[in-house]
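upload-v8.txt (compact mmCIF, C-alpha atoms) appears below.
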```txt
# COMPACT_ATOMS: atom_id res chain seq x y z
CA MET A 1 103.96 158.55 276.01
CA THR A 2 105.90 157.23 278.93
CA SER A 3 107.71 153.93 278.91
CA THR A 4 106.17 151.26 281.08
CA GLU A 5 107.10 147.82 282.30
CA THR A 6 103.62 146.45 281.64
CA PRO A 7 103.58 144.69 278.29
CA VAL A 8 100.90 145.80 275.82
CA ASN A 9 97.94 143.48 276.13
CA ASN A 10 94.74 143.96 274.13
CA GLY A 11 93.82 140.29 274.46
CA VAL A 12 94.82 139.44 270.91
CA ASN A 13 97.26 136.58 270.35
CA VAL A 14 99.27 138.08 267.51
CA GLU A 15 101.91 135.34 267.70
CA ALA A 16 99.25 132.70 266.96
CA LEU A 17 97.96 134.72 264.01
CA LEU A 18 101.47 135.10 262.59
CA GLY A 19 101.94 131.36 263.12
CA ALA A 20 98.70 130.67 261.25
CA ARG A 21 99.90 132.85 258.41
CA ALA A 22 103.13 130.88 258.19
CA ALA A 23 101.24 127.58 258.29
CA LEU A 24 98.81 128.69 255.56
CA THR A 25 101.69 129.73 253.32
CA GLU A 26 102.70 126.06 253.35
CA ALA A 27 99.14 124.77 252.98
CA PRO A 28 96.98 127.35 251.15
CA GLU A 29 94.12 124.82 250.80
CA ALA A 30 93.56 125.09 254.56
CA ALA A 31 92.72 128.80 254.09
CA LYS A 32 89.46 127.92 252.34
CA PHE A 33 86.64 128.59 254.79
CA GLU A 34 82.88 128.27 254.54
CA TRP A 35 80.75 130.22 257.01
CA ARG A 36 77.13 129.14 257.44
CA ASP A 37 73.76 130.14 258.73
CA THR A 38 70.50 128.23 258.79
CA CYS A 39 67.30 130.22 258.99
CA GLU A 40 63.76 129.17 259.84
CA TRP A 41 60.73 131.30 259.07
CA LEU A 42 58.48 131.63 262.13
CA ASN A 43 55.62 133.97 261.20
CA GLY A 44 55.18 137.18 259.28
CA THR A 45 58.57 138.83 258.83
CA HIS A 46 59.99 137.02 261.88
CA SER A 47 62.70 134.41 261.38
CA ASN A 48 65.26 132.69 263.56
CA SER A 49 68.82 132.01 262.43
CA THR A 50 71.33 129.56 263.83
CA VAL A 51 75.09 129.80 263.51
CA GLU A 52 77.12 126.85 264.72
CA GLY A 53 79.26 124.86 262.29
CA PHE A 54 81.71 126.10 259.70
CA PHE A 55 84.41 124.65 257.52
CA GLY A 56 88.06 125.67 257.68
CA LEU A 57 91.65 124.48 258.11
CA GLY A 58 90.69 121.49 255.97
CA GLY A 59 87.88 120.20 258.18
CA GLU A 60 84.54 120.77 259.87
CA GLN A 61 84.69 123.17 262.81
CA LYS A 62 82.19 124.18 265.46
CA HIS A 63 81.66 127.26 267.57
CA ARG A 64 81.95 126.73 271.33
CA THR A 65 78.18 127.05 271.42
CA LYS A 66 75.22 127.53 269.09
CA TYR A 67 74.33 131.17 268.41
CA THR A 68 70.74 132.04 267.51
CA PHE A 69 69.34 135.30 266.21
CA ASP A 70 65.83 136.59 265.72
CA ALA A 71 65.24 138.94 262.81
CA ASP A 72 62.05 140.86 262.23
CA HIS A 73 60.69 144.17 261.00
CA PRO A 74 59.66 146.92 263.44
CA GLU A 75 56.14 147.79 264.49
CA ILE A 76 56.04 150.89 262.27
CA PHE A 77 56.21 148.44 259.32
CA ALA A 78 53.17 146.64 260.77
CA SER A 79 55.40 143.84 262.06
CA GLU A 80 55.93 142.56 265.59
CA ASP A 81 59.55 143.62 266.19
CA ASN A 82 60.65 140.25 267.51
CA GLY A 83 64.28 140.99 266.68
CA ALA A 84 66.68 143.39 265.01
CA THR A 85 66.01 144.14 261.36
CA PRO A 86 68.11 142.30 258.77
CA VAL A 87 69.89 145.54 257.78
CA GLU A 88 70.85 146.20 261.39
CA TYR A 89 72.61 142.81 261.40
CA ILE A 90 74.78 144.18 258.59
CA LEU A 91 75.78 147.12 260.78
CA VAL A 92 76.50 144.76 263.70
CA GLY A 93 78.77 142.70 261.43
CA LEU A 94 80.57 145.79 260.16
CA ALA A 95 81.16 147.19 263.65
CA GLY A 96 82.32 143.83 265.00
CA CYS A 97 84.73 143.30 262.13
CA LEU A 98 86.33 146.74 262.23
CA THR A 99 86.56 146.68 266.03
CA ALA A 100 88.27 143.26 266.12
CA GLY A 101 90.65 144.60 263.51
CA VAL A 102 91.47 147.69 265.56
CA ALA A 103 92.38 145.47 268.53
CA ALA A 104 94.47 143.09 266.44
CA VAL A 105 96.37 145.86 264.65
CA ALA A 106 96.93 147.71 267.94
CA GLN A 107 98.40 144.57 269.49
CA HIS A 108 100.68 144.07 266.50
CA ARG A 109 101.81 147.70 266.69
CA GLN A 110 102.29 147.52 270.48
CA ILE A 111 99.64 150.11 271.22
CA GLN A 112 97.71 149.61 274.43
CA LEU A 113 93.97 150.24 273.97
CA ARG A 114 91.91 151.48 276.89
CA SER A 115 88.53 151.83 275.23
CA VAL A 116 87.13 151.56 271.72
CA SER A 117 83.56 152.36 270.78
CA ALA A 118 81.89 152.88 267.45
CA THR A 119 78.58 154.22 266.26
CA VAL A 120 77.40 153.00 262.88
CA GLU A 121 74.68 154.75 260.89
CA GLY A 122 73.19 153.35 257.71
CA ALA A 123 71.02 155.67 255.64
CA MET A 124 68.20 154.15 253.62
CA ASP A 125 65.31 155.45 251.56
CA VAL A 126 62.64 152.80 252.14
CA ARG A 127 60.90 153.67 248.87
CA GLY A 128 63.40 151.20 247.40
CA ILE A 129 62.28 148.12 249.36
CA LEU A 130 58.64 149.17 249.01
CA GLY A 131 59.09 149.09 245.23
CA MET A 132 57.91 152.69 244.87
CA ASP A 133 60.75 154.09 242.80
CA THR A 134 63.17 152.02 240.73
CA ASP A 135 65.74 154.83 240.95
CA VAL A 136 65.96 154.30 244.73
CA ARG A 137 68.15 151.38 245.73
CA ASN A 138 66.94 148.78 248.23
CA GLY A 139 70.06 148.87 250.38
CA PHE A 140 71.86 151.61 252.26
CA SER A 141 72.58 154.82 250.37
CA GLY A 142 75.67 155.07 252.57
CA ILE A 143 77.12 154.04 255.93
CA LYS A 144 79.05 156.17 258.40
CA VAL A 145 81.19 154.64 261.14
CA SER A 146 82.55 156.89 263.92
CA TYR A 147 85.20 155.58 266.28
CA LYS A 148 86.06 156.93 269.69
CA ILE A 149 89.33 155.39 270.86
CA ASP A 150 91.30 155.90 274.03
CA ALA A 151 94.79 154.41 273.66
CA ASP A 152 98.46 154.96 274.43
CA ALA A 153 99.04 156.48 271.02
CA THR A 154 98.98 159.75 269.14
CA PRO A 155 95.87 160.80 267.18
CA ALA A 156 97.75 160.00 263.97
CA GLU A 157 98.63 156.50 265.22
CA ILE A 158 95.00 155.92 266.19
CA LYS A 159 93.80 157.02 262.74
CA ALA A 160 96.33 154.67 261.18
CA LEU A 161 95.04 151.78 263.32
CA VAL A 162 91.53 152.29 262.05
CA ALA A 163 92.70 152.66 258.46
CA GLN A 164 94.64 149.39 258.64
CA SER A 165 91.64 147.61 260.17
CA GLN A 166 89.50 148.83 257.25
CA LYS A 167 92.08 147.58 254.79
CA ARG A 168 91.95 144.03 256.17
CA SER A 169 88.28 143.89 257.12
CA ALA A 170 86.15 141.14 255.58
CA VAL A 171 82.86 142.93 256.22
CA TYR A 172 84.11 146.32 255.00
CA ASP A 173 85.05 144.55 251.76
CA ILE A 174 81.69 142.74 251.55
CA ILE A 175 79.76 146.00 251.88
CA THR A 176 81.92 148.23 249.71
CA ASN A 177 82.45 145.73 246.87
CA PRO A 178 80.04 143.46 244.99
CA THR A 179 79.75 139.80 245.97
CA ASP A 180 78.02 137.13 243.93
CA VAL A 181 74.96 135.72 245.74
CA ARG A 182 73.16 132.72 244.27
CA VAL A 183 69.71 131.95 245.57
CA GLU A 184 68.06 128.65 244.73
CA VAL A 185 65.00 126.69 245.74
CA VAL A 186 65.66 123.02 246.42
CA MET B 1 45.35 123.22 244.66
CA THR B 2 41.91 123.00 246.16
CA SER B 3 39.89 126.02 247.10
CA THR B 4 39.51 126.61 250.80
CA GLU B 5 37.48 128.88 253.01
CA THR B 6 40.45 129.67 255.26
CA PRO B 7 41.97 132.97 254.17
CA VAL B 8 45.68 132.97 253.40
CA ASN B 9 47.56 134.13 256.50
CA ASN B 10 51.34 134.27 256.66
CA GLY B 11 51.26 136.85 259.44
CA VAL B 12 52.15 139.74 257.15
CA ASN B 13 49.92 142.80 257.12
CA VAL B 14 50.03 143.57 253.41
CA GLU B 15 47.26 146.15 253.67
CA ALA B 16 49.36 148.19 256.10
CA LEU B 17 52.37 148.00 253.78
CA LEU B 18 50.29 149.15 250.82
CA GLY B 19 48.93 151.94 253.02
CA ALA B 20 52.48 152.96 253.94
CA ARG B 21 53.39 153.02 250.28
CA ALA B 22 50.47 155.33 249.54
CA ALA B 23 51.37 157.59 252.48
CA LEU B 24 55.03 157.78 251.41
CA THR B 25 54.00 158.73 247.89
CA GLU B 26 52.48 161.84 249.43
CA ALA B 27 55.39 162.44 251.82
CA PRO B 28 58.63 161.01 250.33
CA GLU B 29 60.72 162.71 253.06
CA ALA B 30 59.25 160.26 255.59
CA ALA B 31 60.88 157.39 253.65
CA LYS B 32 64.34 158.50 254.76
CA PHE B 33 65.50 156.07 257.42
CA GLU B 34 68.67 155.77 259.44
CA TRP B 35 69.50 152.42 261.03
CA ARG B 36 72.06 152.37 263.83
CA ASP B 37 74.33 150.23 265.87
CA THR B 38 76.66 151.12 268.71
CA CYS B 39 79.57 148.82 269.41
CA GLU B 40 81.84 148.55 272.43
CA TRP B 41 85.15 146.72 272.35
CA LEU B 42 85.44 144.30 275.27
CA ASN B 43 88.74 142.43 274.90
CA GLY B 44 90.73 140.84 272.11
CA THR B 45 88.45 140.38 269.10
CA HIS B 46 85.33 140.38 271.28
CA SER B 47 82.86 143.26 271.00
CA ASN B 48 79.28 143.89 271.99
CA SER B 49 76.81 145.72 269.77
CA THR B 50 73.54 147.35 270.72
CA VAL B 51 70.64 148.04 268.38
CA GLU B 52 67.77 150.08 269.73
CA GLY B 53 66.94 153.45 268.18
CA PHE B 54 66.51 154.38 264.55
CA PHE B 55 65.15 157.28 262.56
CA GLY B 56 62.25 157.03 260.14
CA LEU B 57 58.84 158.41 259.19
CA GLY B 58 60.22 161.84 260.03
CA GLY B 59 61.14 161.10 263.65
CA GLU B 60 63.10 159.09 266.18
CA GLN B 61 61.85 155.53 266.59
CA LYS B 62 62.70 152.76 269.02
CA HIS B 63 62.59 149.00 268.90
CA ARG B 64 60.25 147.33 271.41
CA THR B 65 63.37 146.35 273.29
CA LYS B 66 67.15 146.73 273.12
CA TYR B 67 68.94 144.03 271.10
CA THR B 68 72.53 143.19 271.95
CA PHE B 69 74.97 141.04 270.03
CA ASP B 70 78.39 139.63 270.84
CA ALA B 71 80.85 139.27 268.00
CA ASP B 72 84.16 137.47 268.24
CA HIS B 73 86.54 135.25 266.32
CA PRO B 74 86.59 131.47 266.84
CA GLU B 75 89.10 129.51 268.90
CA ILE B 76 90.94 128.27 265.80
CA PHE B 77 91.91 131.93 265.23
CA ALA B 78 93.34 132.01 268.78
CA SER B 79 90.28 133.94 270.00
CA GLU B 80 87.74 133.07 272.66
CA ASP B 81 84.62 132.54 270.51
CA ASN B 82 82.38 134.71 272.67
CA GLY B 83 79.96 135.27 269.79
CA ALA B 84 79.31 134.72 266.11
CA THR B 85 81.93 136.06 263.73
CA PRO B 86 81.23 139.38 262.03
CA VAL B 87 80.88 137.67 258.63
CA GLU B 88 78.29 135.26 260.03
CA TYR B 89 76.20 138.31 261.01
CA ILE B 90 76.16 139.20 257.32
CA LEU B 91 74.72 135.77 256.51
CA VAL B 92 72.13 136.17 259.30
CA GLY B 93 71.07 139.50 257.83
CA LEU B 94 70.81 138.08 254.33
CA ALA B 95 68.74 135.08 255.43
CA GLY B 96 66.44 137.23 257.56
CA CYS B 97 65.88 139.74 254.77
CA LEU B 98 65.13 137.20 252.03
CA THR B 99 62.90 135.15 254.34
CA ALA B 100 60.83 138.16 255.43
CA GLY B 101 60.48 138.99 251.75
CA VAL B 102 59.28 135.50 250.87
CA ALA B 103 56.54 135.78 253.53
CA ALA B 104 55.49 139.26 252.44
CA VAL B 105 55.38 138.40 248.73
CA ALA B 106 53.51 135.15 249.47
CA GLN B 107 50.89 137.08 251.43
CA HIS B 108 50.52 139.60 248.63
CA ARG B 109 50.13 136.77 246.07
CA GLN B 110 47.70 134.88 248.33
CA ILE B 111 49.98 131.88 248.73
CA GLN B 112 49.79 130.10 252.08
CA LEU B 113 53.22 129.17 253.41
CA ARG B 114 53.60 126.15 255.65
CA SER B 115 57.34 126.17 256.20
CA VAL B 116 60.31 128.11 254.88
CA SER B 117 63.92 127.34 255.72
CA ALA B 118 67.16 128.50 254.22
CA THR B 119 70.77 127.49 254.46
CA VAL B 120 73.33 130.17 253.65
CA GLU B 121 76.96 129.38 252.85
CA GLY B 122 79.62 132.02 252.42
CA ALA B 123 82.94 130.93 250.95
CA MET B 124 86.07 132.77 252.02
CA ASP B 125 89.80 132.36 251.53
CA VAL B 126 91.21 133.67 254.80
CA ARG B 127 94.54 134.49 253.17
CA GLY B 128 92.80 137.79 252.32
CA ILE B 129 92.12 138.94 255.87
CA LEU B 130 95.52 137.64 256.99
CA GLY B 131 97.14 139.91 254.40
CA MET B 132 98.96 137.00 252.76
CA ASP B 133 97.97 137.56 249.15
CA THR B 134 96.69 140.85 247.74
CA ASP B 135 94.94 138.92 244.93
CA VAL B 136 92.68 137.27 247.51
CA ARG B 137 89.80 139.45 248.63
CA ASN B 138 88.99 139.90 252.32
CA GLY B 139 85.29 139.20 251.98
CA PHE B 140 83.29 136.26 250.67
CA SER B 141 84.29 134.87 247.28
CA GLY B 142 80.60 133.99 246.89
CA ILE B 143 77.43 133.20 248.82
CA LYS B 144 74.92 130.45 248.16
CA VAL B 145 71.42 130.52 249.62
CA SER B 146 69.23 127.39 249.38
CA TYR B 147 65.54 127.58 250.21
CA LYS B 148 63.25 124.73 251.13
CA ILE B 149 59.67 125.92 251.01
CA ASP B 150 56.43 124.08 251.67
CA ALA B 151 53.48 126.14 250.43
CA ASP B 152 50.13 125.93 248.68
CA ALA B 153 51.74 126.73 245.34
CA THR B 154 53.39 125.15 242.32
CA PRO B 155 57.20 124.84 242.17
CA ALA B 156 57.20 127.66 239.57
CA GLU B 157 55.17 129.91 241.87
CA ILE B 158 57.54 129.18 244.75
CA LYS B 159 60.57 130.02 242.59
CA ALA B 160 58.88 133.26 241.57
CA LEU B 161 58.26 134.14 245.25
CA VAL B 162 61.94 133.79 246.03
CA ALA B 163 62.95 135.73 242.93
CA GLN B 164 60.66 138.62 243.86
CA SER B 165 61.98 138.64 247.42
CA GLN B 166 65.54 138.91 246.04
CA LYS B 167 64.48 141.78 243.81
CA ARG B 168 63.20 143.83 246.75
CA SER B 169 65.72 142.74 249.39
CA ALA B 170 67.79 145.44 251.09
CA VAL B 171 70.50 143.04 252.23
CA TYR B 172 70.74 141.22 248.88
CA ASP B 173 71.34 144.65 247.33
CA ILE B 174 73.91 145.61 250.01
CA ILE B 175 75.93 142.44 249.40
CA THR B 176 75.71 142.27 245.61
CA ASN B 177 76.30 145.98 244.96
CA PRO B 178 78.88 148.43 246.32
CA THR B 179 77.94 150.77 249.18
CA ASP B 180 79.95 153.75 250.31
CA VAL B 181 81.27 153.30 253.88
CA ARG B 182 82.99 156.22 255.59
CA VAL B 183 85.01 155.46 258.68
CA GLU B 184 86.21 158.28 260.88
CA VAL B 185 87.85 158.73 264.25
CA VAL B 186 86.27 161.42 266.42
```

Full structure transcribed into structure tokens:
Amino acid sequence: MTSTETPVNNGVNVEALLGARAALTEAPEAAKFEWRDTCEWLNGTHSNSTVEGFFGLGGEQKHRTKYTFDADHPEIFASEDNGATPVEYILVGLAGCLTAGVAAVAQHRQIQLRSVSATVEGAMDVRGILGMDTDVRNGFSGIKVSYKIDADATPAEIKALVAQSQKRSAVYDIITNPTDVRVEVV
Amino acid sequence: MTSTETPVNNGVNVEALLGARAALTEAPEAAKFEWRDTCEWLNGTHSNSTVEGFFGLGGEQKHRTKYTFDADHPEIFASEDNGATPVEYILVGLAGCLTAGVAAVAQHRQIQLRSVSATVEGAMDVRGILGMDTDVRNGFSGIKVSYKIDADATPAEIKALVAQSQKRSAVYDIITNPTDVRVEVV
């Protein structure tokens, strides 16, 4: 690596994040967040979800804009394929979380990123969801994430970036560890 | 409930699903699916994911169209909010999966749905992802899903629909049970 006069800039405001950490140490109640989605069934396996408001820092917050997402099953399941499948949304969340983490950790470690891409593959035996075999789980049997990263860093430093992102990733935790989900009809 | 001459139609082709189940009994290898996502880092915590191809029924498959998704962190995390947060994608996947299941089970049980909506709330203490307290997990501390369903059925039948959907849901399984995730740098 050669020294450069250009400061490292991955577009992550690490100072603000460190400031938030200091502020939350004083006021841990403000760290309690609630993320939300509302979902409307349209027809068949097709639904539309909306993400807009959330709670955090002690008050109601809003995204800059409303985000909507269609979910559906593909045509080979006799559906209309009006959107990504629900399990693909899990892969999107995992990739987005780990990738944001890579950028944030790189900024903190003063490593300039040039490009970061990931492929995520989730293996699933659909005999589970079809209720054909109770020994087959409904979800993924396993997920593999492969990163390709071009950065001003050694291969070992790049591996360490990805490892630290995993360690702090919300979605990696959600998928690898159990979370209580309560479903009710109102 | 009054009898009606209109056949129950929730837009789910149950016959095709039962046919698939019979076919997969004969050829269990065809039940092995691989769902995929490719993700490109753009800047800061902003990334863009693409969902298009997948593997299943013994061969390469494609969605009708390419689906792309922006993920980002919100402005209160000093980010630009160019998309839903990664954890909100998890809620979208959960809602989409349970809702598709409700429609499929209702069709199978000959229950006409009129409307189905769900609100999903995921609680999170962000001191976990900020690395402030190792006793605080990174992911959701818990998720609550509330369904509002209008259907030609008794409240007990509606509750049973939702319970059966949970039982067969891929995403419910992914979130409530641990899944192995391998992350590598290539």

Take chain B, lay it over chain A with a least-squares fit on all the Cα atoms in order, then hand it over as a compact mmCIF listing (two decimals) with C-alpha atoms, in the frame of the given file.
```txt
# COMPACT_ATOMS: atom_id res chain seq x y z
CA MET B 1 104.03 158.52 275.98
CA THR B 2 106.04 157.22 278.88
CA SER B 3 107.77 153.89 278.84
CA THR B 4 106.23 151.26 281.04
CA GLU B 5 107.15 147.81 282.23
CA THR B 6 103.65 146.45 281.63
CA PRO B 7 103.58 144.69 278.27
CA VAL B 8 100.92 145.80 275.82
CA ASN B 9 97.93 143.46 276.12
CA ASN B 10 94.74 143.95 274.14
CA GLY B 11 93.81 140.29 274.48
CA VAL B 12 94.82 139.43 270.92
CA ASN B 13 97.24 136.57 270.36
CA VAL B 14 99.26 138.07 267.52
CA GLU B 15 101.89 135.34 267.70
CA ALA B 16 99.24 132.71 266.97
CA LEU B 17 97.95 134.73 264.01
CA LEU B 18 101.45 135.09 262.60
CA GLY B 19 101.92 131.36 263.13
CA ALA B 20 98.69 130.67 261.25
CA ARG B 21 99.89 132.86 258.42
CA ALA B 22 103.12 130.88 258.20
CA ALA B 23 101.23 127.57 258.30
CA LEU B 24 98.81 128.69 255.58
CA THR B 25 101.70 129.73 253.36
CA GLU B 26 102.71 126.08 253.39
CA ALA B 27 99.15 124.78 253.01
CA PRO B 28 97.00 127.36 251.16
CA GLU B 29 94.13 124.84 250.81
CA ALA B 30 93.55 125.11 254.58
CA ALA B 31 92.71 128.81 254.11
CA LYS B 32 89.46 127.93 252.34
CA PHE B 33 86.64 128.59 254.78
CA GLU B 34 82.89 128.27 254.54
CA TRP B 35 80.74 130.22 257.00
CA ARG B 36 77.13 129.15 257.44
CA ASP B 37 73.77 130.13 258.73
CA THR B 38 70.50 128.24 258.78
CA CYS B 39 67.30 130.23 258.98
CA GLU B 40 63.77 129.15 259.83
CA TRP B 41 60.74 131.28 259.06
CA LEU B 42 58.50 131.63 262.12
CA ASN B 43 55.62 133.95 261.19
CA GLY B 44 55.17 137.17 259.27
CA THR B 45 58.57 138.82 258.84
CA HIS B 46 59.99 137.02 261.87
CA SER B 47 62.71 134.40 261.38
CA ASN B 48 65.26 132.68 263.55
CA SER B 49 68.82 132.01 262.42
CA THR B 50 71.32 129.56 263.84
CA VAL B 51 75.09 129.80 263.51
CA GLU B 52 77.13 126.87 264.73
CA GLY B 53 79.26 124.88 262.29
CA PHE B 54 81.71 126.11 259.70
CA PHE B 55 84.42 124.65 257.53
CA GLY B 56 88.06 125.68 257.68
CA LEU B 57 91.64 124.49 258.11
CA GLY B 58 90.69 121.51 255.97
CA GLY B 59 87.87 120.22 258.19
CA GLU B 60 84.53 120.77 259.88
CA GLN B 61 84.69 123.17 262.81
CA LYS B 62 82.19 124.18 265.46
CA HIS B 63 81.65 127.25 267.57
CA ARG B 64 81.95 126.75 271.34
CA THR B 65 78.19 127.05 271.43
CA LYS B 66 75.22 127.53 269.10
CA TYR B 67 74.32 131.17 268.40
CA THR B 68 70.74 132.03 267.50
CA PHE B 69 69.35 135.29 266.21
CA ASP B 70 65.83 136.59 265.70
CA ALA B 71 65.23 138.94 262.81
CA ASP B 72 62.03 140.86 262.22
CA HIS B 73 60.68 144.17 260.99
CA PRO B 74 59.66 146.92 263.43
CA GLU B 75 56.13 147.80 264.51
CA ILE B 76 56.03 150.88 262.27
CA PHE B 77 56.20 148.44 259.33
CA ALA B 78 53.15 146.63 260.77
CA SER B 79 55.39 143.83 262.07
CA GLU B 80 55.92 142.56 265.59
CA ASP B 81 59.54 143.63 266.19
CA ASN B 82 60.65 140.25 267.52
CA GLY B 83 64.28 140.98 266.67
CA ALA B 84 66.67 143.38 265.00
CA THR B 85 66.01 144.13 261.35
CA PRO B 86 68.11 142.30 258.77
CA VAL B 87 69.89 145.53 257.78
CA GLU B 88 70.84 146.20 261.40
CA TYR B 89 72.61 142.81 261.40
CA ILE B 90 74.77 144.17 258.59
CA LEU B 91 75.76 147.12 260.78
CA VAL B 92 76.49 144.75 263.69
CA GLY B 93 78.76 142.71 261.44
CA LEU B 94 80.57 145.78 260.17
CA ALA B 95 81.15 147.19 263.66
CA GLY B 96 82.32 143.84 265.01
CA CYS B 97 84.72 143.29 262.13
CA LEU B 98 86.33 146.75 262.23
CA THR B 99 86.57 146.68 266.04
CA ALA B 100 88.26 143.26 266.12
CA GLY B 101 90.66 144.61 263.52
CA VAL B 102 91.47 147.69 265.57
CA ALA B 103 92.38 145.46 268.54
CA ALA B 104 94.47 143.09 266.45
CA VAL B 105 96.37 145.86 264.65
CA ALA B 106 96.93 147.71 267.95
CA GLN B 107 98.41 144.57 269.48
CA HIS B 108 100.66 144.06 266.49
CA ARG B 109 101.83 147.71 266.68
CA GLN B 110 102.29 147.50 270.46
CA ILE B 111 99.64 150.11 271.20
CA GLN B 112 97.69 149.61 274.42
CA LEU B 113 93.97 150.24 273.97
CA ARG B 114 91.91 151.47 276.89
CA SER B 115 88.53 151.83 275.24
CA VAL B 116 87.13 151.56 271.73
CA SER B 117 83.56 152.37 270.78
CA ALA B 118 81.89 152.88 267.46
CA THR B 119 78.59 154.22 266.26
CA VAL B 120 77.39 152.99 262.88
CA GLU B 121 74.67 154.74 260.89
CA GLY B 122 73.18 153.35 257.71
CA ALA B 123 71.02 155.67 255.64
CA MET B 124 68.20 154.16 253.61
CA ASP B 125 65.30 155.45 251.56
CA VAL B 126 62.64 152.81 252.13
CA ARG B 127 60.90 153.68 248.87
CA GLY B 128 63.39 151.19 247.39
CA ILE B 129 62.28 148.13 249.35
CA LEU B 130 58.64 149.17 248.98
CA GLY B 131 59.09 149.10 245.21
CA MET B 132 57.92 152.70 244.85
CA ASP B 133 60.76 154.11 242.78
CA THR B 134 63.17 152.03 240.71
CA ASP B 135 65.75 154.85 240.95
CA VAL B 136 65.95 154.30 244.71
CA ARG B 137 68.14 151.39 245.72
CA ASN B 138 66.94 148.79 248.22
CA GLY B 139 70.05 148.87 250.37
CA PHE B 140 71.86 151.60 252.27
CA SER B 141 72.57 154.82 250.38
CA GLY B 142 75.67 155.07 252.59
CA ILE B 143 77.12 154.03 255.94
CA LYS B 144 79.04 156.16 258.41
CA VAL B 145 81.18 154.63 261.15
CA SER B 146 82.54 156.89 263.93
CA TYR B 147 85.19 155.59 266.30
CA LYS B 148 86.07 156.94 269.71
CA ILE B 149 89.31 155.39 270.86
CA ASP B 150 91.30 155.90 274.04
CA ALA B 151 94.78 154.41 273.66
CA ASP B 152 98.44 154.95 274.45
CA ALA B 153 99.03 156.49 271.03
CA THR B 154 98.98 159.77 269.14
CA PRO B 155 95.85 160.80 267.20
CA ALA B 156 97.75 160.01 263.97
CA GLU B 157 98.62 156.52 265.22
CA ILE B 158 95.00 155.92 266.20
CA LYS B 159 93.79 157.02 262.75
CA ALA B 160 96.33 154.68 261.17
CA LEU B 161 95.05 151.78 263.33
CA VAL B 162 91.53 152.29 262.07
CA ALA B 163 92.69 152.67 258.48
CA GLN B 164 94.63 149.40 258.65
CA SER B 165 91.65 147.61 260.18
CA GLN B 166 89.49 148.83 257.27
CA LYS B 167 92.08 147.59 254.80
CA ARG B 168 91.95 144.04 256.18
CA SER B 169 88.26 143.89 257.12
CA ALA B 170 86.15 141.14 255.57
CA VAL B 171 82.86 142.92 256.21
CA TYR B 172 84.10 146.32 255.00
CA ASP B 173 85.06 144.55 251.76
CA ILE B 174 81.69 142.73 251.55
CA ILE B 175 79.76 146.00 251.88
CA THR B 176 81.92 148.24 249.70
CA ASN B 177 82.46 145.73 246.88
CA PRO B 178 80.05 143.46 244.98
CA THR B 179 79.74 139.79 245.97
CA ASP B 180 78.03 137.13 243.93
CA VAL B 181 74.96 135.71 245.74
CA ARG B 182 73.17 132.71 244.25
CA VAL B 183 69.72 131.95 245.56
CA GLU B 184 68.08 128.66 244.72
CA VAL B 185 65.01 126.69 245.73
CA VAL B 186 65.67 123.01 246.41
```

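The environment of Thr134 in chain B within 12 Å, counting only C-alpha atoms and disregarding residues fewer than 5 places along the same chain, consists of Lys167 and Arg168 of chain A; Asp125, Val126, Arg127, Gly128 and Ile129 of chain B.
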
What separates CA of Val51 in chain B and CA of Leu94 in chain B is a distance of 17.2 Å

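Those residues that approach Gly131 in chain B to within 12 Å, counting all atoms listed in the file, are Leu17, Leu18, Ala20, Arg21, Ala22, Leu24, Thr25, Ala31, Val105, Gln164, Ser165, Lys167, Arg168, Ser169 and Ala170 of chain A; Asp125, Val126, Val136, Arg137 and Asn138 of chain B; same-chain residues fewer than 5 positions away are not listed.
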
Atoms to include: C-alpha atoms. Write the selected residues as a compact mmCIF listing (two decimals), in the frame of the given file.
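The resulting file, out.txt, is reproduced below:
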```
# COMPACT_ATOMS: atom_id res chain seq x y z
CA LEU A 17 97.96 134.72 264.01
CA LEU A 18 101.47 135.10 262.59
CA ALA A 20 98.70 130.67 261.25
CA ARG A 21 99.90 132.85 258.41
CA ALA A 22 103.13 130.88 258.19
CA LEU A 24 98.81 128.69 255.56
CA THR A 25 101.69 129.73 253.32
CA ALA A 31 92.72 128.80 254.09
CA VAL A 105 96.37 145.86 264.65
CA GLN A 164 94.64 149.39 258.64
CA SER A 165 91.64 147.61 260.17
CA LYS A 167 92.08 147.58 254.79
CA ARG A 168 91.95 144.03 256.17
CA SER A 169 88.28 143.89 257.12
CA ALA A 170 86.15 141.14 255.58
CA ASP B 125 89.80 132.36 251.53
CA VAL B 126 91.21 133.67 254.80
CA VAL B 136 92.68 137.27 247.51
CA ARG B 137 89.80 139.45 248.63
CA ASN B 138 88.99 139.90 252.32
```

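Between CA of Gln112 in chain B and CA of Asn13 in chain B there is a distance of 13.7 Å.
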
Show me, as a ChimeraX atom specification, the residues that have an atom within 10 Å of Lys148 in chain B when counting all atoms listed in the file, minus same-chain residues fewer than 3 positions from it. /A:40,184-186 /B:115-119,151,158

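Our summary of the geometry notes that CA of Ala16 in chain B is positioned 14.8 Å from CA of Met132 in chain A.
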
Practice prompt. Can you pull out every residue within 10 Å of range 64-78 of chain B, counting all atoms listed in the file, but drop anything in the same chain fewer than 3 positions away, and send it as a PyMOL selection string?
Written response: (chain A and resi 12-17+20+56-57+61-64+67+69-70+74-75+80-84+89+92-93+95-97+99-100) or (chain B and resi 37-53+61+81-89)

From the list A:Gln107, A:Val120, A:Leu161, A:Ile90, which residue is nearest Ile174 in chain A when using all atoms listed in the file?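 Ranked by minimum distance to Ile174 in chain A, first place goes to A:Ile90.
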
Open item on the list: Here is a test: counting all atoms listed in the file, which residue of A:Leu98, A:Trp35, A:Pro7, A:Phe54 is nearest to Tyr172 in chain A?
Closed with: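 Of all the options, A:Leu98 lies closest to Tyr172 in chain A.
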